[in-house]
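Only one structure is covered here, and it is reproduced in the block below.
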Amino acid sequence: MATEANTSAPAEPPQAPHAPETQTAQTTTEKSQKETQPTDQKAKGEQPAKGGEPAGEKKLSGAELKKKAKEEKAARRAQAKAAQTSQGQPSGGQEGAGDGGKGGKGKPKQDGQAGGQHKGHHAKPAAAAPVVPKEVKPAVPECFGHLSMARRINITQADKDVDPAVLVLGQHMSTFALSDSITRLEATLYAFKKVIDSYTTPIGTTFSRHFTSHVLNPQIDYLTACRPMCFSMGNAIRWLKLQISKIDIDLPDLEAKKLLCESIDNFIHERVTLADFVIANTAAELIEDDQVVLTYAHHHLVQRALLQAQEQGKQFSVVLIDDAFERVGVEHSKALAAAGIPVTYVSDLGALRSNLRDVSVVLVAAEAMFSNGAMYARSGTCDIAMAAKDLGIQVVALCETINFTERVSIDSLTYNEIDPERLSDVGFRLLFDTTRDRYISTIITELGNASPTAVPAILRKLEEL
Amino acid sequence: MPSAVAGYAPNLDKYLKSLKGQPLELSIENLVSLLKRRQIKGAEPCAVATAHIILQVVARSKWQNVDGLLDNVSRVGRKLVTAAPTELVIGNIVRRVLGLIRDEAAEDRNEPQSEDPSDGHATPTDAVPNSTVAKQDSAGGYLNNSPGPQSRPGLIVSQSSVNIPKSLFHLLSASPPADSDHAPGSPFAGSGTSTPQHHKNSSSQVHALRSEVIDGIEEIKDEISQVDDQIAALADVQIHSGDYLLVHRPSPTVERFILRAAVKRKFTVLIVTEPPRKHLAEVQHASFRKKLSAAKITVVNILNGGLMAYMARVDKVILGAKAIVANGGVISDAGAAAIARAAKESGNAVIVLGGIYKLSPETPFGEDEVIEWADPSSYVDFADGQLVGSVDIRTAATEMVPADLIDTYVTNLGTHTRDHLSTLIADHYKPEDIDFHLWDDARR
């Protein structure tokens, strides 16, 4: 949620300070109106259905579509207003604030947000009176209430402005079919390209002024609702909005779209494809003969680096410690073994020190890097890094610079995500943890190897680029 | 025996029931195989089983003197220790019993010794009791010259180590004859000749010793059964309202501890569960959760292996010990070391619970030595040929938590720091028994 607030900030100053409370109010009202909608459809079942419905909509011309959407929105807003007034006290104070920010372009964003965000767990108590028939999510323990969580959203509940490509993407993200930050980033940018492609600037406005607030933001809100945005997505969206705002007002639509799509392609190429290539190469070069490399669970960057080192003819072995509650390492170890690397698969963090004893280097991939040098990665990474550092073993983190964020985190509960798949009345799982800079020896980025304390410097450099 | 196993899974209860009807040797062999097959496992069951079988050894095996008894007990103890080398409690119980026998023997020896001469030479020592200590001392010294070595044979098992504690023991004991007994006794010249003498009154002595040792073992058994309660009594001191407690696969001891605190305090418990095994989806620690919920305590099962993510919130980490080694390291379920390390990183207290019988005088040479490797097939499918064929798979069941990660040890005797453990070890074990499991059977 915080990510989303941040990304919207530069493009839309009036929206920037929208506090969670505002969202909560919106959420509450939205929720009460949503109750009437049939919601028994499962997200899975709907995926095929999606092909038909939005396609039909698409046959309408852009202008018609827009008009229709506007009408719907207006109706919905009226309904929401009514609900708000009838609901009274809980949202009363917030309503003014919400309306204040609503002027013009702010409005659709909030609508979209409400449509998606109405799951926000803090909103729940407020709407408790008319209990919602939709799938009852087990309560998040109070102490972790501030953390966000991915959530399956019925396609029917999504904002009407959401592009079909983004709809599908959202479903993939909420079901963790796309889970790591770089894959999500790539998919998001491709989906946005489609959104740009299918956009036509309405008469009386310009691309750069209309697109972001009326078309792009609903997509972003929907995606955020499906799963909280990762830092790389935040960075990329901020970049994209900047590019849009830079587009010359007089530029014809077609060319503006072409220009934008090209720069998105370049962005993906530079920051993702090439970055991965460089990082995997650098990491592979780091591995020497007769070394034992330890890695945790699965990350495509690590896998790529290891396979590359093997291709280079290096004789090394791998100790793979798996995440005990999400065995993604099994496939990883099979892939490595198939390539001829001797692999030791360790099922959990038990006997960690013993497993680390012969290891020469620990290779992990980061989900994000904070500007204080802390690494945001799969939960469990920190424990391994600490144990490794205790034993004097190098800890190398692989991370594309697009994952760097200027935010600071000193503990793992500042930014984290709850695993929706394993959240039940009894069980609870966090997806990430934060490894402090002192437990990381080197970060390998596409700009070269750096010490964790150099993250702010890299961030500055990126701003200049 | 395999046929019997096929019908039902043998466990501690069934084993204990079987003890009465069976010949001693068969019972021992049964226990050895049960331990080897991990059909009796865990600190408490192992301790109980050991206490029972040692009691049988004391009661039913053939022995003529203290020496023989010590031999029998340590021989059986060695078998059990070899059967389950990672269960350090087995060795602890055997050492406790050995120490007990030595104490009883020393008492027996002192009583008849001080009486025998007083019987024979009558009144001098008795009539002039403590008023002239010096005189009595010298008299006793002469008088006890021959009985001194006479009592030795029982302790010949390891001569060199026997001397030190014996002199220590006698220094502390108030009886002067015993004191003097040591000086002439140290040259072991007369030991061979004196042994026959010993047999004269051995039958009554053996009988007395037997019943006293059996009483002592019964006390150890009682102690084991009361440990959880006694530890739980200390819960209120450690757990406060509003605490966030993290427990790693709570053992009955830990559960009792927390439930006791739940009577008075309101706190939150995070339970770190065992990784789910294939096809098993039941809620772990369900009964514990139920009891806590009944006490209005918030319980959350944590489905993470690495616990660093939660440490910012957690106040105390409570670990149940399988054994506590001499240097303060704790043997616990796999994953505990990572948790303790994470707690240390965030400055959270790590509290270890374990009965004093789990405190072992041994210190393993390396952490690897005490790791018990588990069956990886519960996590990895044997049908997965690609994995089974080419990948080396490891799963640990237990591991050692390094001593420097632990803040407090709570035992049935109270709350201790790491430095205090050596005192406790000295209180409970005799130095000459510490290495009993390394003795060679032939060295007797």
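Ordered as shown in the structure tokens, chains take letters A, B, and onward, while each chain numbers its residues from 1 and ligands are numbered from 1 in the order shown.
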Test item: residues at most 9 Å from range 367-382 of chain A, only C-alpha atoms, excluding those fewer than 5 positions along its chain, as a VMD selection string = (chain A and resid 180 to 182 230 to 232 296 to 297 323 349 387 397 399 to 410 412 415 to 416 430 to 440 451 to 457 459) or (chain B and resid 304 to 309 342)
Selected residues written out with C-alpha atoms, as an mmCIF file, in the first residue's frame:
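File result35.cif, as written:
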data_model
loop_
_atom_site.group_PDB
_atom_site.id
_atom_site.type_symbol
_atom_site.label_atom_id
_atom_site.label_comp_id
_atom_site.auth_asym_id
_atom_site.auth_seq_id
_atom_site.Cartn_x
_atom_site.Cartn_y
_atom_site.Cartn_z
ATOM 1 C CA ASP A 180 9.275 -12.514 -7.902
ATOM 2 C CA SER A 181 9.771 -8.842 -8.328
ATOM 3 C CA ILE A 182 11.476 -8.830 -11.710
ATOM 4 C CA CYS A 230 6.822 -4.559 -5.253
ATOM 5 C CA PHE A 231 9.467 -1.872 -5.135
ATOM 6 C CA SER A 232 10.595 -2.434 -8.702
ATOM 7 C CA TYR A 296 18.380 -20.544 -0.498
ATOM 8 C CA ALA A 297 15.178 -21.808 -2.070
ATOM 9 C CA ASP A 323 12.185 -22.970 2.351
ATOM 10 C CA LEU A 349 17.061 -24.394 8.303
ATOM 11 C CA ALA A 387 24.863 -17.810 10.338
ATOM 12 C CA ALA A 397 23.376 -10.733 -2.920
ATOM 13 C CA CYS A 399 19.919 -7.628 -7.319
ATOM 14 C CA GLU A 400 18.954 -5.520 -10.314
ATOM 15 C CA THR A 401 19.134 -1.799 -9.605
ATOM 16 C CA ILE A 402 15.480 -1.413 -10.510
ATOM 17 C CA ASN A 403 14.795 -3.124 -7.180
ATOM 18 C CA PHE A 404 16.641 -0.482 -5.226
ATOM 19 C CA THR A 405 14.445 1.786 -3.187
ATOM 20 C CA GLU A 406 15.239 4.959 -1.337
ATOM 21 C CA ARG A 407 13.237 3.709 1.612
ATOM 22 C CA VAL A 408 14.821 2.502 4.795
ATOM 23 C CA SER A 409 13.969 -0.593 6.767
ATOM 24 C CA ILE A 410 15.677 -1.725 9.905
ATOM 25 C CA SER A 412 11.464 -7.094 8.916
ATOM 26 C CA TYR A 415 7.777 -3.703 4.987
ATOM 27 C CA ASN A 416 6.539 -7.197 4.531
ATOM 28 C CA LEU A 430 5.410 -13.753 6.214
ATOM 29 C CA LEU A 431 6.913 -13.773 2.767
ATOM 30 C CA PHE A 432 9.999 -11.676 3.344
ATOM 31 C CA ASP A 433 12.575 -10.630 5.836
ATOM 32 C CA THR A 434 15.137 -7.882 6.000
ATOM 33 C CA THR A 435 18.836 -8.628 6.216
ATOM 34 C CA ARG A 436 20.885 -5.834 7.674
ATOM 35 C CA ASP A 437 23.842 -4.526 5.720
ATOM 36 C CA ARG A 438 26.401 -5.986 8.120
ATOM 37 C CA TYR A 439 25.478 -9.494 7.068
ATOM 38 C CA ILE A 440 25.979 -8.870 3.370
ATOM 39 C CA SER A 451 29.099 -2.972 -0.793
ATOM 40 C CA PRO A 452 25.693 -2.686 0.855
ATOM 41 C CA THR A 453 26.575 0.703 2.256
ATOM 42 C CA ALA A 454 26.937 1.955 -1.309
ATOM 43 C CA VAL A 455 23.238 1.569 -2.035
ATOM 44 C CA PRO A 456 22.456 5.288 -1.514
ATOM 45 C CA ALA A 457 25.288 6.169 -3.867
ATOM 46 C CA LEU A 459 20.456 5.338 -6.037
ATOM 47 C CA ASN B 304 8.192 -19.784 8.473
ATOM 48 C CA GLY B 305 11.513 -21.525 8.759
ATOM 49 C CA GLY B 306 13.561 -18.397 9.303
ATOM 50 C CA LEU B 307 12.223 -16.448 12.217
ATOM 51 C CA MET B 308 14.194 -13.251 11.845
ATOM 52 C CA ALA B 309 11.135 -11.638 10.315
ATOM 53 C CA ALA B 342 17.785 -14.407 15.370
#
Sorted by chain and rising residue number, list the residues of chain A at most 8 Å from chain B (counting only C-alpha atoms), each with its closest atom pair and distance in Å to one decimal, as a tab-separated table.
residue	atom	partner	partner_atom	distance
A:Pro141	CA	B:Val300	CA	7.4
A:Cys143	CA	B:Arg313	CA	7.9
A:Asp323	CA	B:Gly305	CA	6.6
A:Ala324	CA	B:Pro275	CA	5.5
A:Phe325	CA	B:Pro275	CA	5.9
A:Val330	CA	B:Leu387	CA	7.8
A:Ser333	CA	B:Val391	CA	7.3
A:Lys334	CA	B:Leu387	CA	5.9
A:Ala337	CA	B:Ser390	CA	6.2
A:Pro342	CA	B:Val391	CA	7.1
A:Val343	CA	B:Val391	CA	5.3
A:Thr344	CA	B:Asp392	CA	4.4
A:Tyr345	CA	B:Ile393	CA	4.6
A:Val346	CA	B:Arg394	CA	4.8
A:Ser347	CA	B:Thr395	CA	5.6
A:Asp348	CA	B:Gly305	CA	6.7
A:Leu349	CA	B:Gly335	CA	5.5
A:Gly350	CA	B:Gly335	CA	4.2
A:Ala351	CA	B:Glu399	CA	5.5
A:Leu352	CA	B:Ala338	CA	7.1
A:Ser354	CA	B:Asp368	CA	6.0
A:Ser379	CA	B:Gly306	CA	6.1
A:Gly380	CA	B:Gly306	CA	3.8
A:Thr381	CA	B:Gly306	CA	7.3
A:Cys382	CA	B:Met308	CA	6.5
A:Asp383	CA	B:Gly306	CA	5.8
A:Met386	CA	B:Arg341	CA	7.9
A:Ala387	CA	B:Ala338	CA	7.6
A:Asp411	CA	B:Ala312	CA	6.2
A:Ser412	CA	B:Ala309	CA	4.8
A:Leu413	CA	B:Ala309	CA	6.5
A:Arg422	CA	B:Leu303	CA	7.8
A:Val426	CA	B:Asn301	CA	5.6
A:Gly427	CA	B:Asn301	CA	4.6
A:Phe428	CA	B:Ile302	CA	5.1
A:Arg429	CA	B:Leu303	CA	4.9
A:Leu430	CA	B:Asn304	CA	7.0
A:Phe432	CA	B:Ala309	CA	7.1
A:Asp433	CA	B:Ala309	CA	4.8
A:Thr434	CA	B:Ala309	CA	7.0
Long-range neighbours of Asn72 in chain B as a PyMOL selection string, 12 Å cut-off, only C-alpha atoms, 2 positions minimum in chain = chain B and resi 24-25+28+53-70+74-79+94+97-98+101+157+436+441+444
Saved selection, atoms kept: C-alpha atoms, as a compact mmCIF listing (two decimals), in the first residue's frame:
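Wrote selection03.txt, looks like this:
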# COMPACT_ATOMS: atom_id res chain seq x y z
CA LEU B 24 16.54 -59.18 32.80
CA GLU B 25 18.77 -59.77 29.80
CA ILE B 28 17.81 -55.00 28.27
CA ILE B 53 15.90 -50.84 33.43
CA ILE B 54 18.68 -49.75 35.77
CA LEU B 55 16.37 -50.40 38.66
CA GLN B 56 15.85 -53.90 37.30
CA VAL B 57 19.60 -54.32 37.00
CA VAL B 58 20.12 -53.30 40.60
CA ALA B 59 17.28 -55.47 41.82
CA ARG B 60 17.74 -58.57 39.72
CA SER B 61 21.26 -58.86 38.42
CA LYS B 62 23.84 -60.92 40.29
CA TRP B 63 26.38 -58.96 42.25
CA GLN B 64 28.42 -59.66 45.30
CA ASN B 65 29.71 -56.24 46.20
CA VAL B 66 29.67 -52.60 45.25
CA ASP B 67 32.25 -53.27 42.60
CA GLY B 68 30.05 -55.80 40.92
CA LEU B 69 27.03 -53.57 41.07
CA LEU B 70 28.87 -50.64 39.55
CA SER B 74 27.76 -49.28 33.84
CA ARG B 75 27.80 -52.23 31.48
CA VAL B 76 24.06 -51.94 30.84
CA GLY B 77 24.40 -48.16 30.71
CA ARG B 78 27.03 -48.43 28.02
CA LYS B 79 24.77 -50.62 25.94
CA VAL B 94 23.15 -43.99 34.51
CA VAL B 97 22.66 -44.12 39.62
CA LEU B 98 26.39 -44.81 39.65
CA ILE B 101 25.69 -46.37 44.48
CA VAL B 157 36.95 -49.78 38.60
CA PHE B 436 31.61 -44.25 32.14
CA ASP B 441 34.43 -53.58 29.34
CA ARG B 444 37.66 -53.81 34.69
